[in-house]
>>> print(open('structure_33.txt').read())   # compact mmCIF, C-alpha atoms and all ligand atoms
# COMPACT_ATOMS: atom_id res chain seq x y z
CA MET Q 27 -8.72 -9.19 60.98
CA ASN Q 28 -8.71 -6.44 63.59
CA ASN Q 29 -11.50 -3.85 63.60
CA MET Q 30 -9.26 -1.15 62.17
CA GLN Q 31 -8.55 -3.08 58.96
CA LYS Q 32 -10.64 -2.18 55.93
CA PRO Q 33 -12.53 -5.26 54.62
CA THR Q 34 -11.17 -6.35 51.26
CA GLN Q 35 -13.55 -5.27 48.54
CA PRO Q 36 -14.36 -7.76 45.81
CA ILE Q 37 -12.12 -7.55 42.78
CA GLY Q 38 -13.67 -5.35 40.11
CA SER Q 39 -15.40 -3.07 42.61
CA LYS Q 40 -14.70 0.65 42.76
CA ASP Q 41 -12.27 0.25 45.65
CA ASN Q 42 -10.52 -2.78 44.22
CA PRO Q 43 -10.45 -2.33 40.44
CA TYR Q 44 -8.89 -4.76 37.99
CA ASP Q 45 -5.68 -3.61 36.36
CA ILE Q 46 -7.21 -4.48 33.00
CA VAL Q 47 -10.64 -5.45 31.75
CA ILE Q 48 -10.79 -6.81 28.21
CA SER Q 49 -13.95 -6.84 26.09
CA GLY Q 50 -14.00 -9.85 23.75
CA ALA Q 51 -12.22 -13.20 23.74
CA GLY Q 52 -11.07 -13.46 20.13
CA PRO Q 53 -7.38 -13.57 19.17
CA ALA Q 54 -6.81 -9.99 20.39
CA GLY Q 55 -8.65 -10.36 23.71
CA LEU Q 56 -7.11 -13.74 24.56
CA THR Q 57 -3.63 -12.47 23.72
CA ALA Q 58 -4.18 -9.44 25.94
CA GLY Q 59 -5.39 -11.73 28.74
CA ILE Q 60 -2.40 -14.05 28.37
CA PHE Q 61 0.17 -11.26 28.58
CA ALA Q 62 -1.70 -9.49 31.39
CA GLY Q 63 -1.56 -12.77 33.31
CA ARG Q 64 2.13 -13.25 32.56
CA TYR Q 65 2.80 -9.76 33.95
CA LYS Q 66 0.77 -10.74 37.06
CA LEU Q 67 -1.69 -7.95 36.38
CA LYS Q 68 -5.22 -8.50 37.71
CA ALA Q 69 -7.18 -9.02 34.52
CA LEU Q 70 -10.61 -10.16 33.37
CA ILE Q 71 -11.93 -10.94 29.89
CA CYS Q 72 -15.65 -10.43 29.25
CA GLU Q 73 -17.00 -12.36 26.25
CA LYS Q 74 -20.57 -11.88 25.08
CA GLU Q 75 -21.22 -15.38 23.74
CA GLU Q 76 -22.15 -18.37 25.86
CA HIS Q 77 -20.26 -20.71 23.53
CA PRO Q 78 -17.89 -18.25 22.04
CA TRP Q 79 -16.00 -18.79 18.86
CA SER Q 80 -18.84 -20.68 17.15
CA PHE Q 81 -18.47 -18.50 14.03
CA PRO Q 82 -15.11 -19.47 12.54
CA ARG Q 83 -13.36 -16.31 11.38
CA GLY Q 84 -9.78 -16.50 10.04
CA GLU Q 85 -8.42 -20.01 9.52
CA THR Q 86 -5.14 -19.30 7.75
CA LEU Q 87 -2.03 -17.41 8.75
CA HIS Q 88 1.61 -16.84 7.93
CA ASN Q 89 4.05 -17.64 10.63
CA ALA Q 90 5.10 -14.57 12.60
CA LYS Q 91 7.01 -13.94 15.80
CA ILE Q 92 3.82 -13.16 17.72
CA PHE Q 93 2.67 -16.78 17.46
CA SER Q 94 5.74 -18.17 19.18
CA GLN Q 95 5.62 -15.35 21.74
CA VAL Q 96 2.04 -16.25 22.65
CA LEU Q 97 1.92 -19.99 22.06
CA GLY Q 98 5.52 -21.22 22.12
CA ASP Q 99 7.85 -22.36 19.34
CA ASN Q 100 6.42 -24.50 16.53
CA VAL Q 101 3.10 -24.95 18.32
CA LEU Q 102 1.17 -24.03 15.17
CA ASN Q 103 2.36 -27.32 13.66
CA LEU Q 104 0.06 -29.10 16.12
CA ILE Q 105 -3.07 -27.65 14.54
CA SER Q 106 -1.94 -27.22 10.94
CA ILE Q 107 -4.19 -29.05 8.45
CA HIS Q 108 -2.68 -27.74 5.20
CA ILE Q 109 0.33 -25.65 4.21
CA THR Q 110 0.77 -23.94 0.87
CA ALA Q 111 2.62 -21.02 -0.65
CA ALA Q 112 0.86 -21.34 -4.02
CA ARG Q 113 -1.75 -18.86 -5.24
CA LYS Q 114 -3.76 -18.86 -8.44
CA PHE Q 115 -5.55 -15.67 -9.48
CA ASN Q 116 -8.32 -15.93 -12.08
CA SER Q 117 -9.36 -12.98 -14.23
CA PRO Q 118 -13.08 -12.12 -14.59
CA MET Q 119 -14.96 -15.04 -16.19
CA VAL Q 120 -11.73 -17.08 -15.78
CA LYS Q 121 -10.39 -16.13 -19.20
CA ASN Q 122 -6.84 -15.83 -17.83
CA THR Q 123 -4.92 -16.98 -14.78
CA VAL Q 124 -1.63 -16.32 -13.05
CA GLU Q 125 0.12 -18.47 -10.48
CA VAL Q 126 2.45 -17.00 -7.86
CA PHE Q 127 4.29 -18.36 -4.83
CA ARG Q 128 4.52 -16.50 -1.55
CA ARG Q 129 7.85 -16.34 0.23
CA THR Q 130 6.19 -17.59 3.42
CA PRO Q 131 3.55 -20.30 3.11
CA SER Q 132 0.04 -20.06 4.49
CA ILE Q 133 -0.80 -22.40 7.34
CA VAL Q 134 -4.40 -23.60 7.48
CA PHE Q 135 -6.07 -24.64 10.74
CA GLU Q 136 -9.52 -24.80 12.30
CA TRP Q 137 -10.64 -21.73 14.23
CA ASN Q 138 -11.77 -23.72 17.28
CA ASN Q 139 -8.38 -25.42 17.55
CA PHE Q 140 -6.58 -22.10 17.34
CA ILE Q 141 -8.82 -20.53 19.98
CA GLU Q 142 -8.40 -23.62 22.20
CA LEU Q 143 -4.62 -23.20 21.96
CA LEU Q 144 -4.91 -19.58 23.06
CA LYS Q 145 -7.24 -20.61 25.88
CA SER Q 146 -4.79 -23.25 27.05
CA ARG Q 147 -2.13 -20.55 27.35
CA LEU Q 148 -4.59 -18.32 29.19
CA LEU Q 149 -5.28 -21.11 31.68
CA GLU Q 150 -1.60 -21.06 32.65
CA THR Q 151 -2.20 -17.55 34.01
CA ALA Q 152 -4.57 -16.10 36.60
CA THR Q 153 -6.61 -14.14 34.03
CA LYS Q 154 -10.26 -15.24 34.03
CA ILE Q 155 -12.85 -15.24 31.25
CA ARG Q 156 -16.50 -14.54 31.88
CA THR Q 157 -18.77 -15.73 29.08
CA ASN Q 158 -22.35 -14.50 28.55
CA SER Q 159 -21.03 -11.09 29.46
CA GLU Q 160 -21.67 -8.52 26.78
CA VAL Q 161 -19.81 -5.27 27.34
CA GLU Q 162 -22.16 -2.45 26.52
CA GLU Q 163 -20.35 0.73 27.41
CA LEU Q 164 -17.62 2.40 29.41
CA ILE Q 165 -18.27 4.00 32.77
CA TYR Q 166 -16.83 7.36 33.68
CA GLU Q 167 -16.28 9.20 36.91
CA ASP Q 168 -15.04 12.78 37.06
CA ASN Q 169 -14.75 12.59 33.26
CA LYS Q 170 -12.33 9.67 33.53
CA CYS Q 171 -12.98 6.17 32.27
CA CYS Q 172 -12.94 3.80 35.24
CA GLY Q 173 -14.53 0.60 33.98
CA ILE Q 174 -17.17 -1.06 31.87
CA ARG Q 175 -20.89 -1.71 32.14
CA LEU Q 176 -22.26 -5.04 30.99
CA GLN Q 177 -25.55 -5.38 29.16
CA ASN Q 178 -27.20 -6.64 32.39
CA GLY Q 179 -26.22 -3.38 34.09
CA GLU Q 180 -23.37 -4.81 36.14
CA GLU Q 181 -20.41 -2.49 36.53
CA ILE Q 182 -16.82 -3.72 36.57
CA TYR Q 183 -14.12 -1.28 37.54
CA ALA Q 184 -10.64 -1.30 36.01
CA LYS Q 185 -7.65 0.98 35.59
CA SER Q 186 -7.28 0.20 31.89
CA ILE Q 187 -9.70 -1.17 29.31
CA ILE Q 188 -8.70 -3.18 26.27
CA VAL Q 189 -11.27 -3.09 23.50
CA ALA Q 190 -11.05 -6.40 21.62
CA ASP Q 191 -14.67 -7.04 20.69
CA GLY Q 192 -14.18 -7.13 16.95
CA HIS Q 193 -15.79 -5.56 13.92
CA ASN Q 194 -19.05 -4.69 15.66
CA SER Q 195 -17.61 -3.23 18.85
CA LEU Q 196 -20.22 -1.51 20.99
CA ILE Q 197 -17.56 0.58 22.69
CA GLY Q 198 -16.18 1.49 19.27
CA LYS Q 199 -19.64 2.58 18.14
CA ASN Q 200 -19.88 4.87 21.17
CA PHE Q 201 -16.70 6.54 19.92
CA HIS Q 202 -18.32 6.88 16.48
CA ILE Q 203 -15.65 4.72 14.88
CA PRO Q 204 -16.80 4.69 11.23
CA TYR Q 205 -17.39 0.94 10.87
CA GLU Q 206 -19.22 1.60 7.60
CA LYS Q 207 -15.81 2.58 6.17
CA ILE Q 208 -13.91 -0.21 7.93
CA ASN Q 209 -16.11 -3.27 7.38
CA PHE Q 210 -16.66 -5.23 4.18
CA PRO Q 211 -19.39 -7.89 3.82
CA ILE Q 212 -18.03 -11.43 3.65
CA VAL Q 213 -19.60 -14.88 3.19
CA LYS Q 214 -17.84 -17.95 4.46
CA ARG Q 215 -18.61 -21.59 3.77
CA ILE Q 216 -16.79 -24.72 4.91
CA ILE Q 217 -17.43 -27.65 2.62
CA ARG Q 218 -16.90 -31.40 2.70
CA ASN Q 219 -16.44 -33.77 -0.21
CA PHE Q 220 -14.26 -31.27 -2.04
CA HIS Q 221 -12.22 -32.72 -4.91
CA GLY Q 222 -10.29 -29.73 -6.22
CA ASP Q 223 -7.47 -30.09 -8.72
CA TYR Q 224 -5.26 -27.34 -7.25
CA TYR Q 225 -3.57 -27.59 -3.86
CA GLY Q 226 -2.88 -23.85 -3.47
CA PHE Q 227 -5.24 -20.98 -2.71
CA GLU Q 228 -7.35 -19.82 -5.60
CA TYR Q 229 -9.05 -16.46 -6.17
CA PHE Q 230 -11.72 -15.34 -8.65
CA PHE Q 231 -12.22 -11.62 -9.24
CA LEU Q 232 -15.61 -10.13 -10.02
CA VAL Q 233 -16.20 -6.66 -11.48
CA PRO Q 234 -19.44 -4.73 -12.05
CA GLY Q 235 -21.32 -5.48 -15.25
CA MET Q 236 -19.99 -9.01 -15.77
CA LEU Q 237 -22.87 -11.03 -14.27
CA ASN Q 238 -26.10 -10.95 -16.27
CA TYR Q 239 -28.10 -11.99 -13.16
CA ALA Q 240 -26.57 -9.13 -11.12
CA PRO Q 241 -25.23 -6.44 -13.48
CA ARG Q 242 -24.78 -3.89 -10.67
CA PHE Q 243 -23.01 -6.32 -8.32
CA PRO Q 244 -19.96 -4.61 -6.76
CA PRO Q 245 -16.29 -5.63 -7.11
CA ALA Q 246 -15.66 -8.79 -5.10
CA VAL Q 247 -13.32 -11.70 -4.73
CA ILE Q 248 -14.20 -15.36 -4.30
CA PHE Q 249 -11.63 -17.42 -2.42
CA VAL Q 250 -11.04 -21.18 -2.33
CA PHE Q 251 -8.72 -22.46 0.40
CA PRO Q 252 -8.36 -26.27 0.31
CA ARG Q 253 -7.56 -28.25 3.44
CA ASN Q 254 -7.16 -31.88 4.42
CA LYS Q 255 -9.84 -34.59 4.52
CA GLU Q 256 -11.49 -33.35 1.32
CA LYS Q 257 -12.55 -30.17 3.05
CA CYS Q 258 -12.23 -26.60 1.86
CA GLU Q 259 -13.00 -23.06 2.99
CA VAL Q 260 -14.66 -20.94 0.32
CA GLY Q 261 -16.10 -17.47 0.51
CA MET Q 262 -16.64 -14.11 -1.06
CA MET Q 263 -15.59 -10.67 0.13
CA ILE Q 264 -17.14 -7.49 -1.27
CA PHE Q 265 -14.85 -4.48 -1.78
CA ALA Q 266 -17.28 -2.05 -0.20
CA ASP Q 267 -14.87 0.90 -0.44
CA VAL Q 268 -14.48 0.56 -4.21
CA ALA Q 269 -18.23 -0.01 -4.59
CA LYS Q 270 -18.87 3.40 -3.02
CA LYS Q 271 -16.45 5.01 -5.47
CA LEU Q 272 -18.08 3.27 -8.44
CA LYS Q 273 -21.65 4.10 -7.52
CA ASN Q 274 -22.57 4.90 -11.12
CA SER Q 275 -21.94 1.32 -12.13
CA CYS Q 276 -22.70 -0.72 -9.00
CA ASP Q 277 -24.63 -0.87 -5.72
CA LEU Q 278 -23.70 -2.11 -2.28
CA PRO Q 279 -26.25 -4.93 -1.89
CA ASP Q 280 -27.81 -6.13 1.35
CA GLU Q 281 -27.19 -9.57 2.84
CA ALA Q 282 -30.11 -11.20 1.01
CA GLU Q 283 -28.88 -10.01 -2.40
CA ILE Q 284 -25.29 -11.01 -1.62
CA MET Q 285 -26.45 -14.51 -0.68
CA ARG Q 286 -28.62 -14.76 -3.82
CA VAL Q 287 -25.65 -13.87 -6.04
CA TRP Q 288 -23.33 -16.13 -4.02
CA ASN Q 289 -25.60 -19.11 -4.67
CA GLN Q 290 -25.80 -18.26 -8.38
CA LEU Q 291 -22.01 -18.07 -8.53
CA ILE Q 292 -21.75 -21.48 -6.89
CA ALA Q 293 -24.18 -22.86 -9.45
CA THR Q 294 -22.89 -21.22 -12.62
CA TYR Q 295 -19.59 -19.33 -12.40
CA PRO Q 296 -16.89 -20.77 -14.66
CA ARG Q 297 -14.56 -23.21 -12.89
CA PHE Q 298 -15.80 -22.22 -9.40
CA SER Q 299 -19.12 -24.02 -9.99
CA ASP Q 300 -17.21 -27.13 -11.11
CA LEU Q 301 -15.17 -27.05 -7.91
CA MET Q 302 -18.34 -26.72 -5.83
CA ARG Q 303 -20.20 -29.59 -7.54
CA ASN Q 304 -21.33 -32.37 -5.12
CA THR Q 305 -19.80 -30.67 -2.11
CA GLU Q 306 -21.70 -30.58 1.21
CA ILE Q 307 -21.99 -27.57 3.47
CA GLU Q 308 -20.53 -27.98 6.96
CA PHE Q 309 -20.83 -24.31 7.89
CA GLU Q 310 -22.06 -21.18 6.18
CA GLY Q 311 -22.34 -17.66 7.52
CA PHE Q 312 -22.47 -14.00 6.53
CA THR Q 313 -20.51 -11.43 8.50
CA TYR Q 314 -18.23 -8.43 8.10
CA ILE Q 315 -14.46 -8.09 8.06
CA GLY Q 316 -12.46 -4.96 8.85
CA ALA Q 317 -10.63 -4.92 5.54
CA GLY Q 318 -11.32 -1.23 4.79
CA GLU Q 319 -9.87 1.73 6.66
CA ILE Q 320 -7.76 1.59 9.82
CA TYR Q 321 -9.07 3.81 12.64
CA ASN Q 322 -6.07 5.89 13.54
CA ASN Q 323 -6.77 6.94 17.14
CA PRO Q 324 -5.79 3.85 19.15
CA MET Q 325 -6.55 5.41 22.56
CA PRO Q 326 -9.66 7.55 22.01
CA VAL Q 327 -10.07 8.11 25.78
CA PRO Q 328 -7.22 7.94 28.28
CA GLY Q 329 -6.83 4.34 29.46
CA VAL Q 330 -8.95 2.79 26.68
CA PHE Q 331 -6.86 0.75 24.24
CA LEU Q 332 -8.38 -0.20 20.89
CA THR Q 333 -7.06 -3.41 19.36
CA GLY Q 334 -7.71 -5.83 16.52
CA GLU Q 335 -10.71 -5.64 14.29
CA ALA Q 336 -12.44 -3.16 16.62
CA MET Q 337 -10.15 -0.60 14.92
CA GLY Q 338 -9.82 -2.35 11.54
CA PHE Q 339 -6.26 -3.38 12.33
CA ILE Q 340 -5.92 -5.90 9.53
CA GLU Q 341 -3.35 -6.53 6.84
CA LYS Q 342 -5.49 -5.30 3.98
CA SER Q 343 -3.85 -7.14 1.06
CA GLY Q 344 -5.00 -10.58 2.23
CA ALA Q 345 -7.62 -9.45 4.79
CA SER Q 346 -5.45 -11.17 7.42
CA GLY Q 347 -6.18 -9.94 10.90
CA ILE Q 348 -5.11 -12.68 13.29
CA ALA Q 349 -1.41 -11.82 13.62
CA SER Q 350 -1.98 -8.04 13.59
CA SER Q 351 -4.77 -8.26 16.22
CA MET Q 352 -2.51 -10.27 18.49
CA GLN Q 353 0.46 -7.95 17.91
CA ILE Q 354 -1.44 -4.82 18.85
CA ALA Q 355 -3.03 -6.53 21.87
CA LYS Q 356 0.38 -7.59 23.16
CA PHE Q 357 1.72 -4.11 22.53
CA ALA Q 358 -1.10 -2.56 24.60
CA VAL Q 359 -0.46 -4.88 27.56
CA ASP Q 360 3.32 -4.41 27.35
CA TYR Q 361 2.69 -0.67 27.44
CA ILE Q 362 0.38 -0.89 30.45
CA ALA Q 363 2.84 -3.14 32.28
CA SER Q 364 5.70 -0.75 31.58
CA LYS Q 365 3.96 2.04 33.49
CA LYS Q 366 4.74 1.74 37.19
CA SER Q 367 1.77 3.78 38.38
CA ILE Q 368 -1.13 3.80 35.99
CA TYR Q 369 -2.70 7.19 35.60
CA TRP Q 370 -3.91 7.84 32.09
CA SER Q 371 -4.22 11.41 30.87
CA LYS Q 372 -4.74 13.05 27.51
CA SER Q 373 -1.00 13.41 27.10
CA SER Q 374 -0.40 9.74 27.89
CA ALA Q 375 -3.00 8.88 25.23
CA LYS Q 376 -1.00 10.90 22.70
CA SER Q 377 2.23 9.34 23.81
CA TYR Q 378 0.74 5.81 23.49
CA SER Q 379 -0.45 6.60 19.99
CA ARG Q 380 2.96 7.96 18.98
CA THR Q 381 4.81 4.96 20.41
CA LEU Q 382 2.48 2.48 18.72
CA LYS Q 383 2.78 4.20 15.37
CA ARG Q 384 6.55 3.94 15.52
CA THR Q 385 6.51 0.14 15.77
CA ASP Q 386 7.49 -2.00 12.77
CA PHE Q 387 4.24 -3.93 12.81
CA TYR Q 388 2.09 -0.78 12.77
CA HIS Q 389 4.20 0.64 9.98
CA HIS Q 390 3.81 -2.61 8.02
CA ILE Q 391 0.01 -2.60 8.36
CA ARG Q 392 -0.21 1.05 7.26
CA LYS Q 393 2.13 0.58 4.29
CA ASN Q 394 0.28 -2.56 3.25
CA ALA Q 395 -3.02 -0.63 3.38
CA GLN Q 396 -1.60 2.09 1.11
CA LYS Q 397 -0.23 -0.45 -1.36
CA THR Q 398 -3.53 -2.32 -1.44
CA GLN Q 399 -5.40 0.92 -2.16
CA ILE Q 400 -3.19 1.51 -5.22
CA GLN Q 401 -3.66 -2.07 -6.46
CA LYS Q 402 -7.43 -1.81 -6.02
CA TYR Q 403 -7.47 1.52 -7.85
CA PHE Q 404 -5.53 0.05 -10.77
CA PHE Q 405 -7.61 -3.11 -11.03
CA PHE Q 406 -11.15 -1.97 -10.19
CA GLN Q 407 -11.16 1.70 -11.14
CA TYR Q 408 -8.53 2.14 -13.86
CA LEU Q 409 -9.00 -1.16 -15.75
CA ARG Q 410 -12.49 -1.64 -14.28
CA THR Q 411 -14.27 -3.79 -16.88
CA GLU Q 412 -14.09 -7.49 -17.59
CA GLU Q 413 -12.89 -6.74 -21.15
CA LYS Q 414 -10.09 -4.35 -20.16
CA ILE Q 415 -8.80 -6.54 -17.35
CA ASN Q 416 -8.62 -9.54 -19.66
CA LYS Q 417 -7.03 -7.50 -22.44
CA LYS Q 418 -4.34 -6.15 -20.10
CA TRP Q 419 -3.86 -9.42 -18.24
CA ASN Q 420 -0.16 -9.55 -19.05
CA LEU Q 421 0.28 -6.32 -17.16
CA VAL Q 422 -1.78 -7.58 -14.23
CA LYS Q 423 0.26 -10.77 -14.30
CA ALA Q 424 3.52 -8.83 -14.15
CA LEU Q 425 2.26 -6.86 -11.15
CA TYR Q 426 1.26 -10.03 -9.33
CA LYS Q 427 4.69 -11.51 -9.96
CA VAL Q 428 6.32 -8.39 -8.48
C1 LIG B 501 -14.76 -14.99 7.11
C2 LIG B 501 -13.46 -14.46 7.64
C3 LIG B 501 -12.27 -14.99 7.20
C4 LIG B 501 -11.08 -14.50 7.68
N1 LIG B 501 -9.91 -15.07 7.24
C5 LIG B 501 -8.75 -14.70 7.80
C6 LIG B 501 -7.56 -15.41 7.52
O1 LIG B 501 -7.55 -16.36 6.74
N2 LIG B 501 -6.41 -15.02 8.14
C7 LIG B 501 -6.39 -13.99 9.04
O2 LIG B 501 -5.31 -13.68 9.58
N3 LIG B 501 -7.51 -13.31 9.33
C8 LIG B 501 -8.69 -13.65 8.77
N4 LIG B 501 -9.84 -13.02 9.11
C9 LIG B 501 -9.76 -11.89 10.05
C10 LIG B 501 -9.52 -12.36 11.47
O3 LIG B 501 -10.35 -13.46 11.79
C11 LIG B 501 -9.82 -11.22 12.41
O4 LIG B 501 -9.14 -10.07 11.99
C12 LIG B 501 -9.43 -11.56 13.84
O5 LIG B 501 -10.23 -12.63 14.29
C13 LIG B 501 -9.68 -10.33 14.70
O6 LIG B 501 -9.48 -10.67 16.03
P1 LIG B 501 -10.20 -9.82 17.17
O7 LIG B 501 -9.87 -10.50 18.43
O8 LIG B 501 -9.90 -8.40 17.00
O9 LIG B 501 -11.77 -9.95 16.87
P2 LIG B 501 -12.70 -11.25 16.80
O10 LIG B 501 -11.97 -12.43 16.36
O11 LIG B 501 -13.89 -10.83 16.02
O12 LIG B 501 -13.13 -11.47 18.31
C14 LIG B 501 -14.02 -10.59 18.96
C15 LIG B 501 -14.62 -11.30 20.16
O13 LIG B 501 -15.39 -10.34 20.91
C16 LIG B 501 -16.66 -10.88 21.24
N5 LIG B 501 -17.55 -9.73 21.39
C17 LIG B 501 -18.14 -8.99 20.41
N6 LIG B 501 -18.84 -7.98 20.95
C18 LIG B 501 -18.70 -8.10 22.29
C19 LIG B 501 -19.17 -7.33 23.39
N7 LIG B 501 -19.95 -6.24 23.22
N8 LIG B 501 -18.86 -7.72 24.64
C20 LIG B 501 -18.06 -8.82 24.84
N9 LIG B 501 -17.58 -9.57 23.83
C21 LIG B 501 -17.88 -9.21 22.58
C22 LIG B 501 -16.98 -11.79 20.06
O14 LIG B 501 -17.96 -12.76 20.41
C23 LIG B 501 -15.61 -12.40 19.76
O15 LIG B 501 -15.38 -13.54 20.55
C24 LIG B 501 -11.07 -13.46 8.64
C25 LIG B 501 -12.26 -12.92 9.09
C26 LIG B 501 -13.46 -13.41 8.60
C27 LIG B 501 -14.74 -12.82 9.10
>>> encode(input="structure_33.txt", output="structure tokens")
Amino acid sequence: MNNMQKPTQPIGSKDNPYDIVISGAGPAGLTAGIFAGRYKLKALICEKEEHPWSFPRGETLHNAKIFSQVLGDNVLNLISIHITAARKFNSPMVKNTVEVFRRTPSIVFEWNNFIELLKSRLLETATKIRTNSEVEELIYEDNKCCGIRLQNGEEIYAKSIIVADGHNSLIGKNFHIPYEKINFPIVKRIIRNFHGDYYGFEYFFLVPGMLNYAPRFPPAVIFVFPRNKEKCEVGMMIFADVAKKLKNSCDLPDEAEIMRVWNQLIATYPRFSDLMRNTEIEFEGFTYIGAGEIYNNPMPVPGVFLTGEAMGFIEKSGASGIASSMQIAKFAVDYIASKKSIYWSKSSAKSYSRTLKRTDFYHHIRKNAQKTQIQKYFFFQYLRTEEKINKKWNLVKALYKV
């Protein structure tokens, strides 16, 4: 190097920023990292956990183009542990049921295996992951976002930021994203020694006033997703949005109360308690899922791209967020890569938002959210009680079939 040459600054410094820094290494963050790498953009993923992915989130999906785009054709078959298109919905207190079949089956897998697949694709690129690196906030210079600050104070500079840190995003909180409207409480349990008598997915609906040990418990759904080797995923999601609307008849309980009721349901609820008998717990956890509203400003600051559950970008009908998180992450990176010189301004933020909202997948997620709202209104607010739902079950059944 001659004396006139400027020494190369380390990547991520002010004078040598990354093209993209990604907060979070879930499905959205890993997808963003994979595509950034494929475009030969200089990219880094910061993940807060030391052993990330220890809390298994979604473990079922329906095949979609994004999976072959990210992983390759038919790769999901490698990790599939159960496939089913069958669904059985049980009315409150299991007085009635209806069985339906989806056009596309659900594929069941283990979260770790899915994340490992994504990581293997990431390793084919030059994008790096840093674990133990919690992204705390964005850094600004001259009122422009130019990077992120980690919890330990370290600053990493980048031209674009992809926010993929999930339902509890610290960056999202700084933008006052209303997570209380987006997130619903959810309990998840993986069990062994499961001997169910139904190979499809089964759901049990709960409405306020039907449980004598929790009369003000909010509307909720219990799910039972069988898998191979006598294992099964079970859980319960609370419809927090409906609970707020029905505040005369129910409360939104805290984690301790939800877990108390969950354990009572496992012990006593018709049919569900029979299915749970003699099973052993492999994993159990309480968390939140972005099954409520979608935050509709996908670039709140020029150059900052919200993705996945950090903006509640989930298909609301089945609380499925894996495909949609990956789709929006890919879209963000495609968009960044399509810009020859990256200079983000307020007008480019508007243009990004407009372009995103014109895509088929965005349209699908929005439409699905509207449809789900109507279904929830009909079931939990219009019919509302255990008696009425059971009395009108034929109508409910007809709607499910449609
Ligand atoms: C119990 C449960 C069951 C579900 N079932 C399904 C299902 O069957 N099918 C389906 O499609 N979807 C399902 N989902 C939803 C799906 O898992 C999520 O929508 C999807 O994982 C969202 O991906 P994401 O990358 O946006 O966020 P996440 O998967 O949450 O990943 C976020 C990542 O960011 C990291 N992180 C968090 N904060 C920070 C920070 N400050 N700095 C750095 N890193 C950070 C986290 O450790 C995590 O690794 C389920 C979710 C839950 C909770």
>>> residues_near_ligand(input="structure_33.txt", ligand="ligand LIG 501 (chain B)", cutoff="7 Å", atoms="all atoms listed in the file", output="PyMOL selection string")
chain Q and resi 49-55+72-75+78-79+83-87+159-162+190-196+212-214+313-316+333-336+340+345-349+351
>>> closest_residue(input="structure_33.txt", among="Q:Asn138, Q:Gln407, Q:Thr151, Q:Ser39", to="Ile174 of chain Q", atoms="all atoms listed in the file")
Q:Ser39
>>> residues_around(input="structure_33.txt", residues="His202 of chain Q", least_positions_apart="3", cutoff="12 Å", atoms="all atoms listed in the file", output="list of chain:residue names")
Q:Asn194, Q:Ser195, Q:Leu196, Q:Ile197, Q:Gly198, Q:Lys199, Q:Tyr205, Q:Glu206, Q:Lys207, Q:Ile208, Q:Tyr321, Q:Asn323, Q:Pro326, Q:Ala336, Q:Met337
>>> closest_residue(input="structure_33.txt", among="Q:Ala282, Q:Cys276, Q:Arg242, Q:Ala363", to="Asp45 of chain Q", atoms="only C-alpha atoms")
Q:Ala363
>>> closest_atom_pairs(input="structure_33.txt", of="segment 138-200 of chain Q", to="segment 101-119 of chain Q", cutoff="9 Å", atoms="only C-alpha atoms", output="CSV")
residue,atom,partner,partner_atom,distance
Q:Asn139,CA,Q:Ile105,CA,6.5
Q:Phe140,CA,Q:Ile105,CA,7.1
Q:Leu143,CA,Q:Val101,CA,8.7
>>> atom_distance(input="structure_33.txt", atom1="atom CA of Ile71 of chain Q", atom2="atom CA of Val47 of chain Q")
5.9 Å
>>> residues_around(input="structure_33.txt", residues="Glu256 of chain Q", least_positions_apart="6", cutoff="6 Å", atoms="all atoms listed in the file", output="CSV table (one decimal) with C-alpha atoms, in the coordinates of the input")
chain,number,residue,atom,x,y,z
Q,218,ARG,CA,-16.9,-31.4,2.7
Q,219,ASN,CA,-16.4,-33.8,-0.2
Q,220,PHE,CA,-14.3,-31.3,-2.0
>>> closest_residue(input="structure_33.txt", among="Q:Pro131, Q:Pro82, Q:Gly173, Q:Gly344", to="Gly38 of chain Q", atoms="only C-alpha atoms")
Q:Gly173
>>> atom_distance(input="structure_33.txt", atom1="atom CA of Ala375 of chain Q", atom2="atom CA of Pro328 of chain Q")
5.3 Å
>>> residues_around(input="structure_33.txt", residues="segment 166-169 of chain Q", least_positions_apart="2", cutoff="12 Å", atoms="all atoms listed in the file", output="number ranges by chain")
Q: 40, 163-164, 171-175, 181-185, 187, 327-330, 370-372
>>> atom_distance(input="structure_33.txt", atom1="atom CA of Lys417 of chain Q", atom2="atom CA of Glu125 of chain Q")
17.7 Å
>>> closest_residue(input="structure_33.txt", among="Q:Trp419, Q:Phe265, Q:Tyr361, Q:Tyr239", to="Asn289 of chain Q", atoms="only C-alpha atoms")
Q:Tyr239
>>> closest_residue(input="structure_33.txt", among="Q:Ile307, Q:Leu291, Q:Ala395, Q:Met352", to="Gly59 of chain Q", atoms="only C-alpha atoms")
Q:Met352
